[in-house]
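Have a look at my_file-v1.pdb below; it lists PDB, C-alpha atoms and all ligand atoms.
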```pdb
ATOM      1  CA  MET A   1      87.156 158.333 149.179  1.00  0.00           C
ATOM      2  CA  LYS A   2      89.922 156.346 147.538  1.00  0.00           C
ATOM      3  CA  ILE A   3      93.153 157.919 146.261  1.00  0.00           C
ATOM      4  CA  ILE A   4      95.772 155.932 144.351  1.00  0.00           C
ATOM      5  CA  TRP A   5      99.390 156.978 144.810  1.00  0.00           C
ATOM      6  CA  LEU A   6     102.327 156.296 142.455  1.00  0.00           C
ATOM      7  CA  SER A   7     105.832 157.626 142.983  1.00  0.00           C
ATOM      8  CA  ASP A   8     109.209 157.652 141.278  1.00  0.00           C
ATOM      9  CA  LEU A   9     108.216 156.230 137.905  1.00  0.00           C
ATOM     10  CA  HIS A  10     111.628 157.151 136.393  1.00  0.00           C
ATOM     11  CA  LEU A  11     110.328 156.502 132.898  1.00  0.00           C
ATOM     12  CA  VAL A  12     112.928 156.154 130.136  1.00  0.00           C
ATOM     13  CA  GLY A  13     111.502 157.092 126.723  1.00  0.00           C
ATOM     14  CA  SER A  14     114.178 155.227 124.787  1.00  0.00           C
ATOM     15  CA  GLY A  15     113.049 151.967 126.388  1.00  0.00           C
ATOM     16  CA  GLU A  16     116.519 151.352 127.852  1.00  0.00           C
ATOM     17  CA  LEU A  17     116.725 149.481 131.133  1.00  0.00           C
ATOM     18  CA  LEU A  18     117.464 151.340 134.342  1.00  0.00           C
ATOM     19  CA  PHE A  19     119.636 149.341 136.740  1.00  0.00           C
ATOM     20  CA  GLY A  20     118.197 146.223 135.112  1.00  0.00           C
ATOM     21  CA  CYS A  21     114.530 147.209 135.477  1.00  0.00           C
ATOM     22  CA  ASN A  22     112.132 148.284 132.760  1.00  0.00           C
ATOM     23  CA  PRO A  23     110.226 151.372 134.001  1.00  0.00           C
ATOM     24  CA  THR A  24     107.862 151.366 130.996  1.00  0.00           C
ATOM     25  CA  GLU A  25     106.745 147.783 131.629  1.00  0.00           C
ATOM     26  CA  GLN A  26     106.479 148.339 135.365  1.00  0.00           C
ATOM     27  CA  LEU A  27     104.331 151.453 134.941  1.00  0.00           C
ATOM     28  CA  GLN A  28     102.116 149.568 132.505  1.00  0.00           C
ATOM     29  CA  CYS A  29     101.725 146.754 134.992  1.00  0.00           C
ATOM     30  CA  ALA A  30     100.701 149.252 137.703  1.00  0.00           C
ATOM     31  CA  ILE A  31      98.201 150.914 135.337  1.00  0.00           C
ATOM     32  CA  ASP A  32      96.685 147.534 134.458  1.00  0.00           C
ATOM     33  CA  VAL A  33      96.231 146.600 138.134  1.00  0.00           C
ATOM     34  CA  ILE A  34      94.751 150.032 138.937  1.00  0.00           C
ATOM     35  CA  ASN A  35      92.312 149.796 136.024  1.00  0.00           C
ATOM     36  CA  GLN A  36      91.277 146.309 137.110  1.00  0.00           C
ATOM     37  CA  TYR A  37      90.758 146.944 140.830  1.00  0.00           C
ATOM     38  CA  HIS A  38      90.762 150.678 141.512  1.00  0.00           C
ATOM     39  CA  SER A  39      88.966 152.456 138.686  1.00  0.00           C
ATOM     40  CA  ASP A  40      86.596 153.782 141.389  1.00  0.00           C
ATOM     41  CA  ALA A  41      89.391 155.944 142.881  1.00  0.00           C
ATOM     42  CA  ALA A  42      88.846 159.713 142.787  1.00  0.00           C
ATOM     43  CA  TYR A  43      92.434 160.550 141.835  1.00  0.00           C
ATOM     44  CA  CYS A  44      95.840 159.063 141.196  1.00  0.00           C
ATOM     45  CA  VAL A  45      98.642 161.174 142.685  1.00  0.00           C
ATOM     46  CA  LEU A  46     102.013 160.915 140.894  1.00  0.00           C
ATOM     47  CA  SER A  47     104.508 162.220 143.445  1.00  0.00           C
ATOM     48  CA  GLY A  48     107.469 163.130 141.258  1.00  0.00           C
ATOM     49  CA  ASP A  49     110.496 161.695 139.457  1.00  0.00           C
ATOM     50  CA  LEU A  50     108.010 160.908 136.711  1.00  0.00           C
ATOM     51  CA  VAL A  51     110.820 160.436 134.178  1.00  0.00           C
ATOM     52  CA  ASP A  52     114.469 159.588 134.747  1.00  0.00           C
ATOM     53  CA  SER A  53     116.333 162.220 132.748  1.00  0.00           C
ATOM     54  CA  GLY A  54     113.822 165.044 132.204  1.00  0.00           C
ATOM     55  CA  ASP A  55     113.782 164.647 128.413  1.00  0.00           C
ATOM     56  CA  ALA A  56     110.907 165.273 125.994  1.00  0.00           C
ATOM     57  CA  ALA A  57     110.757 161.695 124.634  1.00  0.00           C
ATOM     58  CA  SER A  58     110.237 160.285 128.121  1.00  0.00           C
ATOM     59  CA  TYR A  59     107.399 162.732 128.856  1.00  0.00           C
ATOM     60  CA  GLN A  60     105.786 161.826 125.549  1.00  0.00           C
ATOM     61  CA  GLN A  61     105.958 158.140 126.459  1.00  0.00           C
ATOM     62  CA  LEU A  62     104.542 158.922 129.903  1.00  0.00           C
ATOM     63  CA  SER A  63     101.675 160.950 128.470  1.00  0.00           C
ATOM     64  CA  GLN A  64     100.774 158.074 126.144  1.00  0.00           C
ATOM     65  CA  GLN A  65     100.804 155.520 128.933  1.00  0.00           C
ATOM     66  CA  LEU A  66      98.792 157.710 131.321  1.00  0.00           C
ATOM     67  CA  ALA A  67      96.135 158.153 128.624  1.00  0.00           C
ATOM     68  CA  GLY A  68      95.222 154.521 129.369  1.00  0.00           C
ATOM     69  CA  LEU A  69      94.770 155.106 133.114  1.00  0.00           C
ATOM     70  CA  GLN A  70      91.087 155.099 134.083  1.00  0.00           C
ATOM     71  CA  VAL A  71      91.612 157.355 137.138  1.00  0.00           C
ATOM     72  CA  PRO A  72      92.267 161.128 136.777  1.00  0.00           C
ATOM     73  CA  TYR A  73      95.909 161.753 137.592  1.00  0.00           C
ATOM     74  CA  LEU A  74      97.556 164.586 139.559  1.00  0.00           C
ATOM     75  CA  PRO A  75     101.215 165.008 138.531  1.00  0.00           C
ATOM     76  CA  MET A  76     103.990 166.473 140.673  1.00  0.00           C
ATOM     77  CA  ALA A  77     107.631 167.365 140.019  1.00  0.00           C
ATOM     78  CA  GLY A  78     110.630 165.541 141.519  1.00  0.00           C
ATOM     79  CA  ASN A  79     114.335 166.227 141.225  1.00  0.00           C
ATOM     80  CA  HIS A  80     114.578 164.163 138.015  1.00  0.00           C
ATOM     81  CA  ASP A  81     111.811 166.170 136.336  1.00  0.00           C
ATOM     82  CA  ASN A  82     111.866 169.133 133.989  1.00  0.00           C
ATOM     83  CA  ARG A  83     109.113 171.456 135.166  1.00  0.00           C
ATOM     84  CA  GLU A  84     108.419 173.056 131.778  1.00  0.00           C
ATOM     85  CA  LEU A  85     108.321 169.784 129.825  1.00  0.00           C
ATOM     86  CA  LEU A  86     106.136 168.246 132.510  1.00  0.00           C
ATOM     87  CA  LYS A  87     103.666 171.141 132.189  1.00  0.00           C
ATOM     88  CA  GLU A  88     103.642 170.860 128.391  1.00  0.00           C
ATOM     89  CA  SER A  89     103.178 167.105 128.297  1.00  0.00           C
ATOM     90  CA  LEU A  90     100.725 166.221 131.064  1.00  0.00           C
ATOM     91  CA  GLU A  91      97.250 167.360 132.012  1.00  0.00           C
ATOM     92  CA  LEU A  92      97.317 169.610 135.071  1.00  0.00           C
ATOM     93  CA  PRO A  93      94.471 171.175 137.007  1.00  0.00           C
ATOM     94  CA  GLN A  94      94.013 174.625 135.427  1.00  0.00           C
ATOM     95  CA  PRO A  95      94.791 177.317 136.086  1.00  0.00           C
ATOM     96  CA  LEU A  96      97.860 176.741 138.266  1.00  0.00           C
ATOM     97  CA  ASP A  97      98.185 179.630 140.713  1.00  0.00           C
ATOM     98  CA  THR A  98     101.953 179.864 140.380  1.00  0.00           C
ATOM     99  CA  GLU A  99     104.672 179.088 137.854  1.00  0.00           C
ATOM    100  CA  PHE A 100     105.380 176.068 140.046  1.00  0.00           C
ATOM    101  CA  ILE A 101     103.481 172.804 139.900  1.00  0.00           C
ATOM    102  CA  GLN A 102     101.694 173.093 143.211  1.00  0.00           C
ATOM    103  CA  TYR A 103      97.968 173.063 143.734  1.00  0.00           C
ATOM    104  CA  ALA A 104      95.120 172.031 146.001  1.00  0.00           C
ATOM    105  CA  VAL A 105      92.396 169.559 145.054  1.00  0.00           C
ATOM    106  CA  GLN A 106      89.227 168.846 146.999  1.00  0.00           C
ATOM    107  CA  ALA A 107      88.496 165.128 147.409  1.00  0.00           C
ATOM    108  CA  GLY A 108      85.178 164.821 149.241  1.00  0.00           C
ATOM    109  CA  HIS A 109      85.625 166.715 152.483  1.00  0.00           C
ATOM    110  CA  TRP A 110      89.394 166.217 152.341  1.00  0.00           C
ATOM    111  CA  ARG A 111      91.845 168.621 150.727  1.00  0.00           C
ATOM    112  CA  LEU A 112      94.886 167.240 148.897  1.00  0.00           C
ATOM    113  CA  LEU A 113      97.767 169.694 148.894  1.00  0.00           C
ATOM    114  CA  LEU A 114     100.423 168.925 146.279  1.00  0.00           C
ATOM    115  CA  LEU A 115     103.657 170.897 146.634  1.00  0.00           C
ATOM    116  CA  ASP A 116     106.535 171.475 144.228  1.00  0.00           C
ATOM    117  CA  THR A 117     109.891 170.866 145.967  1.00  0.00           C
ATOM    118  CA  LEU A 118     111.997 170.703 142.802  1.00  0.00           C
ATOM    119  CA  ARG A 119     115.208 172.733 143.114  1.00  0.00           C
ATOM    120  CA  ASP A 120     116.385 173.042 139.517  1.00  0.00           C
ATOM    121  CA  GLY A 121     119.621 171.187 138.859  1.00  0.00           C
ATOM    122  CA  HIS A 122     119.856 169.701 142.355  1.00  0.00           C
ATOM    123  CA  ALA A 123     118.923 166.384 143.948  1.00  0.00           C
ATOM    124  CA  ASP A 124     117.781 167.945 147.203  1.00  0.00           C
ATOM    125  CA  GLY A 125     114.499 169.806 147.603  1.00  0.00           C
ATOM    126  CA  GLN A 126     113.395 173.343 148.280  1.00  0.00           C
ATOM    127  CA  LEU A 127     110.285 175.424 148.850  1.00  0.00           C
ATOM    128  CA  CYS A 128     111.412 178.962 147.934  1.00  0.00           C
ATOM    129  CA  GLU A 129     109.784 182.134 149.310  1.00  0.00           C
ATOM    130  CA  GLN A 130     107.323 182.279 146.423  1.00  0.00           C
ATOM    131  CA  ARG A 131     106.158 178.702 146.996  1.00  0.00           C
ATOM    132  CA  LEU A 132     105.963 179.245 150.750  1.00  0.00           C
ATOM    133  CA  ARG A 133     103.807 182.354 150.199  1.00  0.00           C
ATOM    134  CA  TRP A 134     101.443 180.341 148.009  1.00  0.00           C
ATOM    135  CA  LEU A 135     101.326 177.605 150.649  1.00  0.00           C
ATOM    136  CA  GLN A 136     100.504 180.098 153.397  1.00  0.00           C
ATOM    137  CA  MET A 137      97.709 181.615 151.295  1.00  0.00           C
ATOM    138  CA  GLU A 138      96.287 178.167 150.690  1.00  0.00           C
ATOM    139  CA  LEU A 139      96.540 177.227 154.380  1.00  0.00           C
ATOM    140  CA  ASP A 140      94.797 180.486 155.311  1.00  0.00           C
ATOM    141  CA  ARG A 141      92.109 179.983 152.663  1.00  0.00           C
ATOM    142  CA  ASP A 142      90.892 176.675 154.070  1.00  0.00           C
ATOM    143  CA  GLN A 143      91.432 176.182 157.774  1.00  0.00           C
ATOM    144  CA  LYS A 144      88.797 173.467 158.132  1.00  0.00           C
ATOM    145  CA  SER A 145      89.188 170.629 155.609  1.00  0.00           C
ATOM    146  CA  PRO A 146      91.304 167.730 156.859  1.00  0.00           C
ATOM    147  CA  THR A 147      94.352 167.920 154.637  1.00  0.00           C
ATOM    148  CA  LEU A 148      96.727 165.363 153.176  1.00  0.00           C
ATOM    149  CA  VAL A 149     100.007 166.912 151.986  1.00  0.00           C
ATOM    150  CA  PHE A 150     102.135 165.418 149.195  1.00  0.00           C
ATOM    151  CA  THR A 151     105.718 166.371 148.364  1.00  0.00           C
ATOM    152  CA  HIS A 152     108.406 164.611 146.411  1.00  0.00           C
ATOM    153  CA  HIS A 153     111.135 165.166 149.017  1.00  0.00           C
ATOM    154  CA  PRO A 154     111.044 164.091 152.661  1.00  0.00           C
ATOM    155  CA  LEU A 155     110.770 166.798 155.263  1.00  0.00           C
ATOM    156  CA  LEU A 156     113.425 165.547 157.684  1.00  0.00           C
ATOM    157  CA  PRO A 157     116.058 162.755 157.886  1.00  0.00           C
ATOM    158  CA  LEU A 158     114.859 159.133 157.867  1.00  0.00           C
ATOM    159  CA  ASN A 159     118.021 157.282 158.951  1.00  0.00           C
ATOM    160  CA  LEU A 160     118.739 156.558 155.277  1.00  0.00           C
ATOM    161  CA  PRO A 161     122.236 158.103 154.945  1.00  0.00           C
ATOM    162  CA  MET A 162     122.319 158.526 151.151  1.00  0.00           C
ATOM    163  CA  GLN A 163     118.759 159.790 150.704  1.00  0.00           C
ATOM    164  CA  ASP A 164     119.007 161.999 153.808  1.00  0.00           C
ATOM    165  CA  GLN A 165     121.594 164.138 152.020  1.00  0.00           C
ATOM    166  CA  GLU A 166     118.859 165.035 149.557  1.00  0.00           C
ATOM    167  CA  SER A 167     115.879 165.922 151.721  1.00  0.00           C
ATOM    168  CA  LEU A 168     114.075 169.246 151.865  1.00  0.00           C
ATOM    169  CA  HIS A 169     115.871 172.477 152.836  1.00  0.00           C
ATOM    170  CA  SER A 170     114.318 174.155 155.886  1.00  0.00           C
ATOM    171  CA  GLY A 171     112.097 171.152 156.558  1.00  0.00           C
ATOM    172  CA  GLU A 172     111.662 172.088 160.220  1.00  0.00           C
ATOM    173  CA  GLN A 173     110.399 175.542 159.316  1.00  0.00           C
ATOM    174  CA  LEU A 174     107.877 174.040 156.959  1.00  0.00           C
ATOM    175  CA  LEU A 175     106.806 171.518 159.560  1.00  0.00           C
ATOM    176  CA  SER A 176     106.038 174.231 162.124  1.00  0.00           C
ATOM    177  CA  ARG A 177     104.073 176.194 159.493  1.00  0.00           C
ATOM    178  CA  LEU A 178     101.962 173.138 158.772  1.00  0.00           C
ATOM    179  CA  GLN A 179     101.402 172.367 162.413  1.00  0.00           C
ATOM    180  CA  LYS A 180     100.204 175.926 163.038  1.00  0.00           C
ATOM    181  CA  ALA A 181      97.555 175.403 160.362  1.00  0.00           C
ATOM    182  CA  GLY A 182      95.902 172.839 162.623  1.00  0.00           C
ATOM    183  CA  ASN A 183      94.185 170.789 159.903  1.00  0.00           C
ATOM    184  CA  ILE A 184      97.112 168.898 158.341  1.00  0.00           C
ATOM    185  CA  ARG A 185      96.397 165.223 159.044  1.00  0.00           C
ATOM    186  CA  HIS A 186      99.155 163.358 157.217  1.00  0.00           C
ATOM    187  CA  TRP A 187     102.180 163.812 154.973  1.00  0.00           C
ATOM    188  CA  CYS A 188     103.079 161.606 151.988  1.00  0.00           C
ATOM    189  CA  PHE A 189     106.294 161.731 149.988  1.00  0.00           C
ATOM    190  CA  GLY A 190     108.427 159.738 147.569  1.00  0.00           C
ATOM    191  CA  HIS A 191     112.088 160.157 146.573  1.00  0.00           C
ATOM    192  CA  VAL A 192     113.528 157.569 148.967  1.00  0.00           C
ATOM    193  CA  HIS A 193     112.268 154.560 146.935  1.00  0.00           C
ATOM    194  CA  ARG A 194     111.341 152.739 150.124  1.00  0.00           C
ATOM    195  CA  PRO A 195     108.263 152.215 152.283  1.00  0.00           C
ATOM    196  CA  VAL A 196     108.767 154.197 155.499  1.00  0.00           C
ATOM    197  CA  SER A 197     106.309 155.500 158.070  1.00  0.00           C
ATOM    198  CA  GLY A 198     106.556 157.405 161.331  1.00  0.00           C
ATOM    199  CA  SER A 199     105.974 160.885 162.648  1.00  0.00           C
ATOM    200  CA  PHE A 200     107.828 164.204 162.674  1.00  0.00           C
ATOM    201  CA  ASP A 201     107.051 166.129 165.835  1.00  0.00           C
ATOM    202  CA  GLY A 202     103.560 164.652 165.932  1.00  0.00           C
ATOM    203  CA  LEU A 203     102.771 164.792 162.202  1.00  0.00           C
ATOM    204  CA  GLY A 204     102.379 161.298 160.747  1.00  0.00           C
ATOM    205  CA  PHE A 205     104.071 160.521 157.449  1.00  0.00           C
ATOM    206  CA  THR A 206     104.315 157.782 154.835  1.00  0.00           C
ATOM    207  CA  ALA A 207     106.933 157.263 152.128  1.00  0.00           C
ATOM    208  CA  ILE A 208     106.410 154.727 149.378  1.00  0.00           C
ATOM    209  CA  GLN A 209     108.255 152.397 147.034  1.00  0.00           C
ATOM    210  CA  SER A 210     109.226 153.411 143.507  1.00  0.00           C
ATOM    211  CA  ILE A 211     107.277 152.127 140.523  1.00  0.00           C
ATOM    212  CA  ALA A 212     110.732 151.462 138.981  1.00  0.00           C
ATOM    213  CA  MET A 213     113.672 150.336 141.187  1.00  0.00           C
ATOM    214  CA  GLN A 214     113.826 150.003 144.986  1.00  0.00           C
ATOM    215  CA  ALA A 215     116.593 151.389 147.192  1.00  0.00           C
ATOM    216  CA  PRO A 216     118.131 148.965 149.712  1.00  0.00           C
ATOM    217  CA  LEU A 217     118.204 149.645 153.439  1.00  0.00           C
ATOM    218  CA  PRO A 218     121.669 150.799 154.613  1.00  0.00           C
ATOM    219  CA  TYR A 219     122.542 147.364 156.101  1.00  0.00           C
ATOM    220  CA  PRO A 220     125.195 147.011 154.805  1.00  0.00           C
ATOM    221  CA  ASN A 221     125.836 150.645 154.083  1.00  0.00           C
ATOM    222  CA  TRP A 222     126.023 151.702 150.421  1.00  0.00           C
ATOM    223  CA  ASN A 223     126.785 154.817 148.399  1.00  0.00           C
ATOM    224  CA  TRP A 224     125.842 155.998 144.916  1.00  0.00           C
ATOM    225  CA  ASP A 225     128.962 154.320 143.435  1.00  0.00           C
ATOM    226  CA  THR A 226     128.024 150.964 144.918  1.00  0.00           C
ATOM    227  CA  PHE A 227     124.234 151.366 144.541  1.00  0.00           C
ATOM    228  CA  LYS A 228     122.421 148.237 143.420  1.00  0.00           C
ATOM    229  CA  PRO A 229     118.620 148.110 143.511  1.00  0.00           C
ATOM    230  CA  ALA A 230     117.128 146.011 146.300  1.00  0.00           C
ATOM    231  CA  ASP A 231     115.553 142.729 145.243  1.00  0.00           C
ATOM    232  CA  GLU A 232     112.098 143.960 146.274  1.00  0.00           C
ATOM    233  CA  LEU A 233     108.852 144.355 144.376  1.00  0.00           C
ATOM    234  CA  PRO A 234     107.515 147.739 143.254  1.00  0.00           C
ATOM    235  CA  ALA A 235     104.259 148.978 144.784  1.00  0.00           C
ATOM    236  CA  PHE A 236     101.682 151.737 144.570  1.00  0.00           C
ATOM    237  CA  GLY A 237      99.599 153.161 147.399  1.00  0.00           C
ATOM    238  CA  ILE A 238      95.884 152.886 148.059  1.00  0.00           C
ATOM    239  CA  ILE A 239      94.839 155.701 150.381  1.00  0.00           C
ATOM    240  CA  GLN A 240      91.406 155.458 151.955  1.00  0.00           C
ATOM    241  CA  LEU A 241      90.189 158.765 153.371  1.00  0.00           C
ATOM    242  CA  GLU A 242      87.271 158.625 155.785  1.00  0.00           C
ATOM    243  CA  ARG A 243      85.770 161.207 158.111  1.00  0.00           C
ATOM    244  CA  LYS A 244      88.351 160.678 160.835  1.00  0.00           C
ATOM    245  CA  SER A 245      90.997 158.486 159.277  1.00  0.00           C
ATOM    246  CA  ALA A 246      93.556 158.213 156.487  1.00  0.00           C
ATOM    247  CA  VAL A 247      94.700 154.616 155.851  1.00  0.00           C
ATOM    248  CA  VAL A 248      97.527 153.769 153.425  1.00  0.00           C
ATOM    249  CA  HIS A 249      97.961 150.308 151.884  1.00  0.00           C
ATOM    250  CA  PHE A 250     100.868 149.286 149.680  1.00  0.00           C
ATOM    251  CA  GLN A 251      99.859 147.159 146.733  1.00  0.00           C
ATOM    252  CA  GLN A 252     102.884 145.308 145.418  1.00  0.00           C
ATOM    253  CA  PHE A 253     102.866 143.987 141.878  1.00  0.00           C
ATOM    254  CA  ARG A 254     105.106 141.644 139.934  1.00  0.00           C
ATOM    255  CA  PRO A 255     105.994 142.995 136.498  1.00  0.00           C
ATOM    256  CA  GLY A 256     106.311 140.693 133.496  1.00  0.00           C
TER     257      GLY A 256
HETATM  258 FE    FE B   1     113.274 158.838 142.461  1.00  0.00          FE
HETATM  259 FE    FE B   2     113.772 161.995 143.744  1.00  0.00          FE
END
```

Starting from the file, give its structure as structure tokens.
Ligand SMILES: [Fe+2]
Ligand SMILES: [Fe+2]
Amino acid sequence: MKIIWLSDLHLVGSGELLFGCNPTEQLQCAIDVINQYHSDAAYCVLSGDLVDSGDAASYQQLSQQLAGLQVPYLPMAGNHDNRELLKESLELPQPLDTEFIQYAVQAGHWRLLLLDTLRDGHADGQLCEQRLRWLQMELDRDQKSPTLVFTHHPLLPLNLPMQDQESLHSGEQLLSRLQKAGNIRHWCFGHVHRPVSGSFDGLGFTAIQSIAMQAPLPYPNWNWDTFKPADELPAFGIIQLERKSAVVHFQQFRPG
């Protein structure tokens, strides 16, 4: 079972460059590579920050580009997204159980659990009581399927000082809830615009590059005033889910 994973597209509908990169061209390049080599994938997860400024023109552009993707996509909200415009513009599994964009999808014997950590008007993330209740119901509903969880925000700090200020509120609480479920196998998230892997209290995780611009490591340290994208290639993920394993590859691509 193959799942493709794109994060942090930061599309700009006006076509303007973003820190010198062209998100429209870069997304198109990713779509072309996916169509060429991965059209057999079951799904393509889009783990948030789908557009840069949450405006209607950018979602329209995104919808048009995704129409050319040969793999069914599963969109999620990030801190740069507008939940209502996202819902209006993109195809979502119907019906959604909550006003939030969070849902479960069966992929073979695996369950994909896509959560909505958008905290309106803020860069950091949140799972409010309503979203946590939905999550608990979903965890109780299926206590058997090996489960891969996707969020936009990281759960806990990653030794990335600027991004760590914007991780998920109450991440530790959420982590213990997931661990109690017993069938959560791995956690994937975006937001940090870097490839990172490790484990939080025994739960393995993977973060991935942005389809648009990459964040540098903090050596030397930087802040949002001095931010300059790292001179690194964008990448998307290829997740292979087997009976007892989840393997994540990063496929870099060179736009233009
Ligand atoms: Fe982002
Ligand atoms: Fe983000």

Next on the checklist: For Gln136 of chain A, find every residue with an atom within 9 Å (counting all atoms listed in the file), except residues of its own chain fewer than 3 positions away, and show them as a PyMOL selection string.
Outcome noted: chain A and resi 131-133+139-141+177-178+181

Checklist entry - With distances taken over all atoms listed in the file, which of A:Tyr73, A:Phe189, A:Tyr59, A:Phe250 is nearest to ligand FE 2 (chain B)? => result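 The closest residue to ligand FE 2 (chain B) is A:Phe189.
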
Item to check | Selection within 7 Å of ligand FE 2 (chain B) by only C-alpha atoms and all ligand atoms, output as a PyMOL selection string | outcome: chain A and resi 8+48-49+78-80+123+152-153+190-192

Next on the checklist: Could you tell me, as a VMD selection string, exactly which residues end up selected when the PyMOL selection byres (((chain A and resi 230) around 10) and not hetatm) is applied to this structure?
Outcome noted: chain A and resid 193 to 194 213 to 217 227 to 229 231 to 233

Restricting it to C-alpha atoms, dump the selection as a PDB file, in the frame of the given file.
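again_2.pdb was written with the following content:
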```pdb
ATOM      1  CA  HIS A 193     112.268 154.560 146.935  1.00  0.00           C
ATOM      2  CA  ARG A 194     111.341 152.739 150.124  1.00  0.00           C
ATOM      3  CA  MET A 213     113.672 150.336 141.187  1.00  0.00           C
ATOM      4  CA  GLN A 214     113.826 150.003 144.986  1.00  0.00           C
ATOM      5  CA  ALA A 215     116.593 151.389 147.192  1.00  0.00           C
ATOM      6  CA  PRO A 216     118.131 148.965 149.712  1.00  0.00           C
ATOM      7  CA  LEU A 217     118.204 149.645 153.439  1.00  0.00           C
ATOM      8  CA  PHE A 227     124.234 151.366 144.541  1.00  0.00           C
ATOM      9  CA  LYS A 228     122.421 148.237 143.420  1.00  0.00           C
ATOM     10  CA  PRO A 229     118.620 148.110 143.511  1.00  0.00           C
ATOM     11  CA  ASP A 231     115.553 142.729 145.243  1.00  0.00           C
ATOM     12  CA  GLU A 232     112.098 143.960 146.274  1.00  0.00           C
ATOM     13  CA  LEU A 233     108.852 144.355 144.376  1.00  0.00           C
TER      14      LEU A 233
END
```

Checklist entry - Leaving out Trp187 of chain A and any residue of its chain fewer than 4 positions from it, which residues lie within 7 Å of it when counting only C-alpha atoms, given as a list of chain:residue names? => result A:Leu148, A:Val149, A:Phe150, A:Gly204, A:Phe205, A:Thr206

Checklist entry - If you count only C-alpha atoms, which residues fall within 10 Å of Phe200 of chain A, apart from same-chain ones fewer than 6 positions away, as number ranges by chain? => result A: 155-158, 172, 175, 187

Next on the checklist: Applying the PyMOL selection byres (((chain A and resi 110) around 8) and not hetatm) to the file I just gave you, which residues come out? Please list them as a VMD selection string.
Outcome noted: chain A and resid 106 to 109 111 to 112 145 to 148 241

Checklist entry - Which neighbours of Pro218 of chain A fall inside 10 Å, counting all atoms listed in the file, when residues of the same chain fewer than 3 positions from it are skipped, and could you give them as a ChimeraX atom specification? => result /A:159-162,215,221-223

Written as a tab-separated table (two decimals) with C-alpha atoms, keeping the file's coordinate frame, which residues does the PyMOL selection byres (((chain A and resi 114) around 8) and not hetatm) give for the file shown?
```tsv
chain	number	residue	atom	x	y	z
A	76	MET	CA	103.99	166.47	140.67
A	102	GLN	CA	101.69	173.09	143.21
A	103	TYR	CA	97.97	173.06	143.73
A	104	ALA	CA	95.12	172.03	146.00
A	112	LEU	CA	94.89	167.24	148.90
A	113	LEU	CA	97.77	169.69	148.89
A	115	LEU	CA	103.66	170.90	146.63
A	116	ASP	CA	106.54	171.48	144.23
A	149	VAL	CA	100.01	166.91	151.99
A	150	PHE	CA	102.14	165.42	149.20
A	151	THR	CA	105.72	166.37	148.36
```

Checklist entry - Hey, which of A:Asn183, A:Val247, A:Arg254, A:Gln240 ends up closest to Ser197 of chain A? Count all atoms listed in the file. => result A:Val247

Checklist entry - Taking into account all atoms listed in the file, which residue in the set A:Pro93, A:Gly198, A:Pro255, A:Gly15 is nearest to Leu27 of chain A? => result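 For Leu27 of chain A, the nearest of the given residues is A:Pro255.
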
Next on the checklist: If I take atom CA of Phe19 of chain A and atom CA of Leu168 of chain A, how far is one from the other in Å, to one decimal?
Outcome noted: 25.6 Å

Next on the checklist: Please determine, counting all atoms listed in the file, which residue among A:Glu91, A:Asp81, A:Asp32, A:Glu129 has the shortest atom-to-atom distance to Leu69 of chain A.
Outcome noted: A:Asp32

Item to check | Top pick for closest residue to ligand FE 1 (chain B), considering A:Leu9, A:Leu174, A:Cys128, A:Ile184 and counting only C-alpha atoms and all ligand atoms | outcome: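 Closest candidate: A:Leu9.
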
Checklist entry - Nearest to Ile31 of chain A: which of A:Leu66, A:Ser58, A:Ser167, A:Arg119 is it, counting all atoms listed in the file? => result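 Nearest candidate to Ile31 of chain A out of A:Leu66, A:Ser58, A:Ser167, A:Arg119: A:Leu66.
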
Checklist entry - Contacts of Thr117 of chain A at 6 Å or less, counting only C-alpha atoms, minus same-chain residues fewer than 2 places along, as a list in words? => result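 The contact residues come out as Gly125, Gln126 and Leu127 of chain A.
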
Checklist entry - Suppose you want the space between atom CA of Thr98 of chain A and atom CA of Trp134 of chain A; what is it in Å? => result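 Between atom CA of Thr98 of chain A and atom CA of Trp134 of chain A the gap is 7.7 Å.
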
Quick one: 6 Å padding each side, axis-aligned, all listed atoms of segment 98-106 of chain A - centre and edge lengths in Å to one decimal, as JSON?
```
{"center_x": 97.3, "center_y": 174.4, "center_z": 142.4, "size_x": 28.2, "size_y": 23.0, "size_z": 21.1}
```
